[in-house]
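Asks: Pasting start35.cif below, which is mmCIF, C-alpha atoms.
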data_data
loop_
_atom_site.label_atom_id
_atom_site.label_comp_id
_atom_site.auth_asym_id
_atom_site.auth_seq_id
_atom_site.Cartn_x
_atom_site.Cartn_y
_atom_site.Cartn_z
CA MET A 1 -13.78 22.62 18.67
CA ALA A 2 -13.67 19.78 16.14
CA VAL A 3 -14.42 20.33 12.48
CA LYS A 4 -16.04 17.39 10.74
CA GLY A 5 -16.56 16.30 7.17
CA VAL A 6 -18.80 13.33 6.55
CA CYS A 7 -19.61 11.60 3.29
CA SER A 8 -22.16 8.97 2.58
CA ALA A 9 -23.42 7.84 -0.80
CA GLN A 10 -25.01 11.27 -1.38
CA LYS A 11 -22.19 13.84 -1.20
CA ALA A 12 -18.42 13.62 -0.73
CA PRO A 13 -16.52 15.95 1.62
CA LYS A 14 -14.12 18.40 0.03
CA PHE A 15 -10.53 17.90 1.17
CA PRO A 16 -8.43 21.06 1.61
CA ALA A 17 -5.99 21.68 -1.27
CA LYS A 18 -2.87 21.58 0.92
CA ILE A 19 -3.46 17.97 1.99
CA ARG A 20 -4.38 16.61 -1.45
CA GLY A 21 -1.79 14.46 -3.18
CA THR A 22 -0.17 11.05 -3.20
CA TYR A 23 1.38 9.58 -0.06
CA VAL A 24 3.70 6.55 -0.33
CA GLY A 25 5.23 4.11 2.11
CA THR A 26 6.07 0.48 2.76
CA GLN A 27 4.07 -1.80 5.03
CA SER A 28 6.45 -3.99 7.06
CA GLU A 29 6.35 -7.74 6.77
CA TYR A 30 4.19 -9.51 9.32
CA ALA A 31 3.05 -12.97 10.32
CA PHE A 32 0.22 -14.50 12.30
CA ARG A 33 -1.17 -17.90 13.22
CA HIS A 34 -4.75 -18.90 12.51
CA GLN A 35 -6.17 -22.29 13.46
CA GLY A 36 -2.68 -23.78 13.75
CA THR A 37 -1.47 -22.49 10.38
CA ASP A 38 1.26 -19.85 10.08
CA PHE A 39 0.74 -17.06 7.55
CA ARG A 40 3.58 -14.75 6.48
CA PHE A 41 3.33 -11.61 4.38
CA SER A 42 6.31 -9.82 2.82
CA GLU A 43 6.72 -6.06 3.01
CA ILE A 44 4.75 -4.26 0.35
CA SER A 45 4.62 -0.75 -1.11
CA MET A 46 1.39 1.18 -0.72
CA SER A 47 0.04 4.54 -1.77
CA ILE A 48 -2.81 6.67 -0.53
CA SER A 49 -4.20 9.32 -2.88
CA ILE A 50 -6.30 12.18 -1.58
CA GLU A 51 -8.16 14.12 -4.24
CA LYS A 52 -10.70 16.93 -3.97
CA TYR A 53 -13.67 14.64 -3.28
CA ARG A 54 -12.28 11.09 -3.06
CA VAL A 55 -9.54 8.90 -1.66
CA SER A 56 -7.88 5.65 -2.69
CA LEU A 57 -5.53 3.07 -1.17
CA CYS A 58 -3.43 1.03 -3.62
CA PHE A 59 -0.75 -1.65 -3.55
CA PRO A 60 1.20 -0.93 -6.78
CA GLN A 61 3.21 -4.18 -6.77
CA GLU A 62 -0.03 -6.16 -6.75
CA ASN A 63 -1.96 -3.84 -9.12
CA HIS A 64 -4.69 -3.78 -6.48
CA CYS A 65 -6.68 -0.89 -4.99
CA PRO A 66 -8.84 -2.13 -2.08
CA ILE A 67 -10.14 1.40 -1.44
CA GLU A 68 -11.19 3.27 -4.55
CA ASN A 69 -13.82 6.00 -4.77
CA SER A 70 -15.01 4.99 -1.32
CA ALA A 71 -18.69 5.37 -0.60
CA GLU A 72 -18.16 6.56 2.98
CA ILE A 73 -15.50 8.99 4.16
CA GLN A 74 -15.43 10.79 7.50
CA TRP A 75 -12.80 13.21 8.72
CA VAL A 76 -12.27 15.20 11.87
CA LYS A 77 -9.64 17.84 12.70
CA LYS A 78 -8.30 17.30 16.20
CA LYS A 79 -5.26 17.56 18.46
CA LEU A 80 -3.31 14.38 19.23
CA ASN A 81 -0.34 14.58 21.61
CA GLY A 82 -0.24 18.34 21.05
CA LYS A 83 -0.13 17.98 17.25
CA ARG A 84 -2.84 19.05 14.83
CA VAL A 85 -4.02 16.01 12.83
CA LEU A 86 -6.79 15.11 10.45
CA ALA A 87 -8.37 11.76 11.37
CA ILE A 88 -9.82 10.11 8.26
CA THR A 89 -12.06 7.01 8.36
CA VAL A 90 -12.84 5.24 5.10
CA SER A 91 -15.03 2.20 4.39
CA GLU A 92 -16.17 0.38 1.28
CA PRO A 93 -19.85 -0.38 0.58
CA GLY A 94 -20.96 -3.62 2.23
CA SER A 95 -17.78 -3.96 4.30
CA LEU A 96 -17.57 -3.89 8.09
CA LEU A 97 -13.86 -3.01 7.93
CA LYS A 98 -12.88 0.62 8.29
CA GLU A 99 -9.55 2.13 7.29
CA GLU A 100 -8.19 4.68 9.78
CA TRP A 101 -5.64 7.26 8.67
CA LEU A 102 -4.06 10.04 10.77
CA LEU A 103 -2.74 12.84 8.59
CA GLU A 104 -0.23 15.40 9.91
CA PRO A 105 -0.45 18.33 7.45
CA GLN A 106 2.68 20.08 8.79
CA LYS A 107 4.89 17.00 8.30
CA LYS A 108 3.09 15.84 5.13
CA LYS A 109 2.71 12.33 6.55
CA ILE A 110 -0.12 9.83 7.03
CA LEU A 111 -0.13 7.07 9.61
CA ARG A 112 -2.28 4.21 8.30
CA LYS A 113 -3.57 2.25 11.27
CA GLY A 114 -3.20 -1.41 10.29
CA ILE A 115 -6.25 -3.65 10.38
CA LEU A 116 -5.18 -6.48 12.67
CA PRO A 117 -2.84 -8.28 12.17
CA GLN A 118 -1.36 -5.71 9.76
CA PRO A 119 1.23 -3.32 11.21
CA ASP A 120 0.77 0.46 11.15
CA THR A 121 2.40 2.15 8.15
CA MET A 122 3.83 5.67 7.82
CA LEU A 123 3.40 7.24 4.37
CA THR A 124 5.05 10.45 3.14
CA LYS A 125 3.60 12.89 0.61
CA LEU A 126 5.29 12.94 -2.79
CA GLY A 127 6.47 16.29 -4.09
CA LYS A 128 5.37 17.52 -7.53
CA LYS A 129 8.59 16.37 -9.22
CA GLN A 130 8.41 12.95 -7.54
CA ARG A 131 4.79 12.39 -8.64
CA LYS A 132 5.60 12.80 -12.35
CA GLY A 133 8.03 9.86 -12.42
CA SER A 134 6.48 7.78 -9.67
CA SER A 135 5.19 4.26 -10.09
CA PHE A 136 2.85 4.88 -7.14
CA THR A 137 0.27 6.96 -8.95
CA LYS A 138 -3.19 5.60 -9.71
CA SER A 139 -2.52 6.05 -13.44
CA THR A 140 -0.31 2.95 -13.19
CA PHE A 141 -3.46 0.87 -12.77
CA ASP A 142 -5.47 2.73 -15.39
CA GLN A 143 -2.98 1.71 -18.11
CA ASN A 144 -3.44 -2.05 -17.46
#
Spell out the structure here as structure tokens.
Replies:
Amino acid sequence: MAVKGVCSAQKAPKFPAKIRGTYVGTQSEYAFRHQGTDFRFSEISMSISIEKYRVSLCFPQENHCPIENSAEIQWVKKKLNGKRVLAITVSEPGSLLKEEWLLEPQKKKILRKGILPQPDTMLTKLGKKQRKGSSFTKSTFDQN
């Protein structure tokens, strides 16, 4: 039996308290070729914040949050390779791109599925002490 939470512009789903928090990780460098031109991207830090009714995805080094107070959030509890995971899909208004995150509550980790050509990124939940001194929190952007 799958449990679902769906949000559109009307009402946001409520995320369980034990999964709320800030998850941090580093996206590996990657490269691709488009119309004969090579593009290279350095590794970059990222954070995903899950709050009671909203989520955000930020790149602290760039002071950029491509996902912020998303208009559409869907989540489903399911089993994947024998593990209990929460599959979260997030999209911004007017965008065809969807972010896919697989959260493992027991390990306190999120796998962010990269949007091609981006690589997948594993993020780990910050503890309470780590959050207070972290440069990965959303408040970093609010001060600028």
Asks: Can you list, as a PyMOL selection string, every protein, DNA or RNA residue that comes within 8 Å of segment 22-25 of chain A when you count all atoms listed in the file, leaving out same-chain residues fewer than 2 positions away?
Replies: chain A and resi 20+27+45-50+109-110+121-126+131+136-137
Asks: So how many Å separate atom CA of Ile67 of chain A and atom CA of Phe39 of chain A, to one decimal?
Replies: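 Atom CA of Ile67 of chain A sits 23.2 Å away from atom CA of Phe39 of chain A.
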Asks: Need to verify the contact set: segment 28-36 of chain A, 9 Å, all atoms listed in the file, exclusion of same-chain residues closer than 6 positions in sequence. Can you return it as a PyMOL selection string?
Replies: chain A and resi 42-45+117-121
Asks: To test your reading of the syntax: which residues would the PyMOL selection byres ((chain A and resi 103) around 10) return for the file shown? Reply as JSON, numbers by chain.
Replies: {"A": [19, 77, 84, 85, 86, 87, 88, 100, 101, 102, 104, 105, 106, 107, 108, 109, 110, 111, 112, 122, 123, 124]}
Asks: Could you work out how far atom CA of Ile115 of chain A lies from atom CA of Lys14 of chain A, giving the answer in Å with one decimal?
Replies: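 So the two atoms, atom CA of Lys14 of chain A and atom CA of Ile115 of chain A, lie 25.6 Å apart.
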Asks: May I ask for the distance between atom CA of Ser95 of chain A and atom CA of Glu72 of chain A, given in Å to one decimal place?
Replies: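 Those two atoms sit 10.6 Å apart.
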Asks: Evaluating the PyMOL selection byres ((chain A and resi 53) around 9) on the displayed file yields which residues, as a PyMOL selection string?
Replies: chain A and resi 11-15+50-52+54-55+69
Asks: Output as an mmCIF file, in the coordinates of the input: segment 83-116 of chain A, completed with N, CA and C atoms.
Replies:
data_model
loop_
_atom_site.group_PDB
_atom_site.id
_atom_site.type_symbol
_atom_site.label_atom_id
_atom_site.label_comp_id
_atom_site.auth_asym_id
_atom_site.auth_seq_id
_atom_site.Cartn_x
_atom_site.Cartn_y
_atom_site.Cartn_z
ATOM 1 N N LYS A 83 -0.283 17.742 18.680
ATOM 2 C CA LYS A 83 -0.130 17.980 17.250
ATOM 3 C C LYS A 83 -1.502 18.058 16.602
ATOM 4 N N ARG A 84 -1.605 18.936 15.589
ATOM 5 C CA ARG A 84 -2.840 19.050 14.830
ATOM 6 C C ARG A 84 -2.873 17.939 13.781
ATOM 7 N N VAL A 85 -3.904 17.108 13.802
ATOM 8 C CA VAL A 85 -4.020 16.010 12.830
ATOM 9 C C VAL A 85 -5.412 16.003 12.221
ATOM 10 N N LEU A 86 -5.511 15.336 11.094
ATOM 11 C CA LEU A 86 -6.790 15.110 10.450
ATOM 12 C C LEU A 86 -7.021 13.610 10.504
ATOM 13 N N ALA A 87 -8.039 13.179 11.248
ATOM 14 C CA ALA A 87 -8.370 11.760 11.370
ATOM 15 C C ALA A 87 -9.372 11.422 10.270
ATOM 16 N N ILE A 88 -8.987 10.489 9.391
ATOM 17 C CA ILE A 88 -9.820 10.110 8.260
ATOM 18 C C ILE A 88 -10.236 8.646 8.425
ATOM 19 N N THR A 89 -11.535 8.378 8.310
ATOM 20 C CA THR A 89 -12.060 7.010 8.360
ATOM 21 C C THR A 89 -12.728 6.725 7.029
ATOM 22 N N VAL A 90 -12.350 5.596 6.417
ATOM 23 C CA VAL A 90 -12.840 5.240 5.100
ATOM 24 C C VAL A 90 -13.378 3.817 5.136
ATOM 25 N N SER A 91 -14.518 3.576 4.493
ATOM 26 C CA SER A 91 -15.030 2.200 4.390
ATOM 27 C C SER A 91 -15.634 1.996 3.002
ATOM 28 N N GLU A 92 -15.601 0.757 2.568
ATOM 29 C CA GLU A 92 -16.170 0.380 1.280
ATOM 30 C C GLU A 92 -17.622 -0.067 1.469
ATOM 31 N N PRO A 93 -18.456 0.055 0.466
ATOM 32 C CA PRO A 93 -19.850 -0.380 0.580
ATOM 33 C C PRO A 93 -19.922 -1.875 0.909
ATOM 34 N N GLY A 94 -20.752 -2.224 1.863
ATOM 35 C CA GLY A 94 -20.960 -3.620 2.230
ATOM 36 C C GLY A 94 -19.876 -4.228 3.089
ATOM 37 N N SER A 95 -18.879 -3.433 3.485
ATOM 38 C CA SER A 95 -17.780 -3.960 4.300
ATOM 39 C C SER A 95 -17.899 -3.443 5.729
ATOM 40 N N LEU A 96 -17.594 -4.309 6.681
ATOM 41 C CA LEU A 96 -17.570 -3.890 8.090
ATOM 42 C C LEU A 96 -16.223 -3.315 8.483
ATOM 43 N N LEU A 97 -15.197 -3.517 7.636
ATOM 44 C CA LEU A 97 -13.860 -3.010 7.930
ATOM 45 C C LEU A 97 -13.767 -1.524 7.618
ATOM 46 N N LYS A 98 -13.084 -0.809 8.493
ATOM 47 C CA LYS A 98 -12.880 0.620 8.290
ATOM 48 C C LYS A 98 -11.385 0.909 8.324
ATOM 49 N N GLU A 99 -10.925 1.662 7.338
ATOM 50 C CA GLU A 99 -9.550 2.130 7.290
ATOM 51 C C GLU A 99 -9.461 3.388 8.159
ATOM 52 N N GLU A 100 -8.415 3.486 8.977
ATOM 53 C CA GLU A 100 -8.190 4.680 9.780
ATOM 54 C C GLU A 100 -6.835 5.270 9.426
ATOM 55 N N TRP A 101 -6.850 6.554 9.041
ATOM 56 C CA TRP A 101 -5.640 7.260 8.670
ATOM 57 C C TRP A 101 -5.530 8.524 9.516
ATOM 58 N N LEU A 102 -4.327 8.802 10.039
ATOM 59 C CA LEU A 102 -4.060 10.040 10.770
ATOM 60 C C LEU A 102 -3.086 10.865 9.943
ATOM 61 N N LEU A 103 -3.543 12.000 9.457
ATOM 62 C CA LEU A 103 -2.740 12.840 8.590
ATOM 63 C C LEU A 103 -2.189 14.024 9.387
ATOM 64 N N GLU A 104 -0.876 14.232 9.304
ATOM 65 C CA GLU A 104 -0.230 15.400 9.910
ATOM 66 C C GLU A 104 0.130 16.372 8.791
ATOM 67 N N PRO A 105 -0.691 17.410 8.569
ATOM 68 C CA PRO A 105 -0.450 18.330 7.450
ATOM 69 C C PRO A 105 0.917 19.015 7.494
ATOM 70 N N GLN A 106 1.405 19.378 8.687
ATOM 71 C CA GLN A 106 2.680 20.080 8.790
ATOM 72 C C GLN A 106 3.845 19.193 8.341
ATOM 73 N N LYS A 107 3.801 17.916 8.653
ATOM 74 C CA LYS A 107 4.890 17.000 8.300
ATOM 75 C C LYS A 107 4.654 16.292 6.973
ATOM 76 N N LYS A 108 3.465 16.474 6.389
ATOM 77 C CA LYS A 108 3.090 15.840 5.130
ATOM 78 C C LYS A 108 3.220 14.326 5.227
ATOM 79 N N LYS A 109 2.654 13.771 6.301
ATOM 80 C CA LYS A 109 2.710 12.330 6.550
ATOM 81 C C LYS A 109 1.336 11.804 6.939
ATOM 82 N N ILE A 110 1.097 10.534 6.614
ATOM 83 C CA ILE A 110 -0.120 9.830 7.030
ATOM 84 C C ILE A 110 0.306 8.564 7.755
ATOM 85 N N LEU A 111 -0.301 8.336 8.907
ATOM 86 C CA LEU A 111 -0.130 7.070 9.610
ATOM 87 C C LEU A 111 -1.369 6.233 9.293
ATOM 88 N N ARG A 112 -1.168 5.129 8.575
ATOM 89 C CA ARG A 112 -2.280 4.210 8.300
ATOM 90 C C ARG A 112 -2.312 3.200 9.430
ATOM 91 N N LYS A 113 -3.405 3.200 10.172
ATOM 92 C CA LYS A 113 -3.570 2.250 11.270
ATOM 93 C C LYS A 113 -3.885 0.892 10.629
ATOM 94 N N GLY A 114 -3.018 -0.091 10.889
ATOM 95 C CA GLY A 114 -3.200 -1.410 10.290
ATOM 96 C C GLY A 114 -4.433 -2.113 10.834
ATOM 97 N N ILE A 115 -5.129 -2.819 9.965
ATOM 98 C CA ILE A 115 -6.250 -3.650 10.380
ATOM 99 C C ILE A 115 -5.639 -4.959 10.837
ATOM 100 N N LEU A 116 -5.858 -5.322 12.095
ATOM 101 C CA LEU A 116 -5.180 -6.480 12.670
ATOM 102 C C LEU A 116 -5.254 -7.690 11.750
#
